[in-house]
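Engineer: Can you keep this structure in mind? I'll have questions shortly.
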Amino acid sequence: MDAILARGRLVHSILSGKEQGFLIGLEFTEVPMAVTEIIEQYLSMKIL
């Protein structure tokens with residue numbers, strides 16, 4: 001799978017001079033179980 005698709009909404013958007021751009025917060029509202037499993041597998045590989 002090359003891409004995942006999940007519905008969500010923007011929770012906040014803050015302009016940051018330090019980061020030279022916007023910091024955004026997202027809340028995903030509809031994530032299919034298959035996508036959740038792929039994300040969990042990815043995160044488990046990244047945690048040391």
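For the structure tokens, the naming scheme is as follows: chains receive sequential letters (A, B, ...) according to their order of presentation, residues are indexed from 1 within each chain, and ligands are indexed from 1 in presentation order.
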List every residue of chain A that DSSP, applied to the backbone, labels as strand (DSSP E), and write the result as a PyMOL selection string.
Structural biologist: chain A and resi 7-16+21-30
Engineer: If you run DSSP on the backbone, which residues of chain A are alpha helix (DSSP H), as a PyMOL selection string?
Structural biologist: chain A and resi 33-46
Engineer: Compile the contact shell of Leu26 in chain A as a CSV table (one decimal) with N, CA and C atoms, in the first residue's frame: residues with an atom at most 9 Å away, counting only C-alpha atoms, same-chain residues fewer than 3 positions apart removed.
Structural biologist:
```
chain,number,residue,atom,x,y,z
A,8,GLY,N,-10.7,13.2,8.7
A,8,GLY,CA,-10.3,13.9,10.0
A,8,GLY,C,-10.8,15.3,10.0
A,9,ARG,N,-10.3,16.0,11.0
A,9,ARG,CA,-10.7,17.4,11.1
A,9,ARG,C,-9.5,18.2,11.7
A,10,LEU,N,-9.4,19.4,11.3
A,10,LEU,CA,-8.3,20.3,11.9
A,10,LEU,C,-8.7,20.8,13.2
A,11,VAL,N,-7.9,20.5,14.3
A,11,VAL,CA,-8.2,20.9,15.6
A,11,VAL,C,-7.6,22.3,15.9
A,12,HIS,N,-6.4,22.5,15.5
A,12,HIS,CA,-5.8,23.8,15.7
A,12,HIS,C,-4.7,24.1,14.6
```
Engineer: For each of A:Gly21, A:Lys46, A:Ile14, A:Leu5, take the minimum atom-to-atom distance to Met33 in chain A, counting only C-alpha atoms, then give the residue where this is smallest.
Structural biologist: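 Smallest separation from Met33 in chain A among the options: A:Leu5.
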Engineer: Which residues are near Ile38 in chain A? Cut-off 12 Å, only C-alpha atoms, ignore same chain within fewer than 3 positions. Put them as a PyMOL selection string.
Structural biologist: chain A and resi 1-5+31-35+41-45
Engineer: Grab the residues selected above and save them as a JSON list (two decimals), in the first residue's frame with N, CA and C atoms.
Structural biologist:
```
[["chain", "number", "residue", "atom", "x", "y", "z"],
["A", 1, "MET", "N", 0.86, -1.18, 0.00],
["A", 1, "MET", "CA", 0.00, 0.00, 0.00],
["A", 1, "MET", "C", 0.90, 1.24, 0.00],
["A", 2, "ASP", "N", 0.69, 2.14, -0.94],
["A", 2, "ASP", "CA", 1.51, 3.35, -1.06],
["A", 2, "ASP", "C", 0.93, 4.54, -0.32],
["A", 3, "ALA", "N", -0.35, 4.49, -0.01],
["A", 3, "ALA", "CA", -0.99, 5.63, 0.65],
["A", 3, "ALA", "C", -2.12, 5.13, 1.54],
["A", 4, "ILE", "N", -2.44, 5.93, 2.54],
["A", 4, "ILE", "CA", -3.60, 5.63, 3.38],
["A", 4, "ILE", "C", -4.56, 6.80, 3.30],
["A", 5, "LEU", "N", -5.81, 6.53, 3.55],
["A", 5, "LEU", "CA", -6.84, 7.56, 3.48],
["A", 5, "LEU", "C", -7.71, 7.45, 4.73],
["A", 31, "VAL", "N", -11.19, 6.06, 10.68],
["A", 31, "VAL", "CA", -10.02, 5.33, 10.22],
["A", 31, "VAL", "C", -10.38, 3.85, 10.11],
["A", 32, "PRO", "N", -10.35, 3.31, 8.90],
["A", 32, "PRO", "CA", -10.66, 1.88, 8.74],
["A", 32, "PRO", "C", -9.70, 1.01, 9.56],
["A", 33, "MET", "N", -10.17, -0.12, 10.04],
["A", 33, "MET", "CA", -9.36, -1.00, 10.88],
["A", 33, "MET", "C", -8.08, -1.43, 10.17],
["A", 34, "ALA", "N", -8.14, -1.71, 8.88],
["A", 34, "ALA", "CA", -6.94, -2.12, 8.13],
["A", 34, "ALA", "C", -5.88, -1.02, 8.16],
["A", 35, "VAL", "N", -6.31, 0.22, 8.06],
["A", 35, "VAL", "CA", -5.38, 1.35, 8.10],
["A", 35, "VAL", "C", -4.80, 1.51, 9.50],
["A", 41, "GLN", "N", 1.68, -0.98, 13.03],
["A", 41, "GLN", "CA", 2.88, -1.72, 12.64],
["A", 41, "GLN", "C", 4.03, -0.75, 12.36],
["A", 42, "TYR", "N", 3.73, 0.33, 11.66],
["A", 42, "TYR", "CA", 4.76, 1.33, 11.35],
["A", 42, "TYR", "C", 5.33, 1.95, 12.62],
["A", 43, "LEU", "N", 4.44, 2.34, 13.53],
["A", 43, "LEU", "CA", 4.89, 2.97, 14.77],
["A", 43, "LEU", "C", 5.70, 2.01, 15.64],
["A", 44, "SER", "N", 5.33, 0.75, 15.66],
["A", 44, "SER", "CA", 6.08, -0.22, 16.47],
["A", 44, "SER", "C", 7.49, -0.41, 15.94],
["A", 45, "MET", "N", 7.70, -0.22, 14.64],
["A", 45, "MET", "CA", 9.05, -0.31, 14.07],
["A", 45, "MET", "C", 9.89, 0.93, 14.39]]
```
Engineer: What does the distance between CA of Ala6 in chain A and CA of Glu19 in chain A come to in Å, to one decimal place?
Structural biologist: 26.1 Å
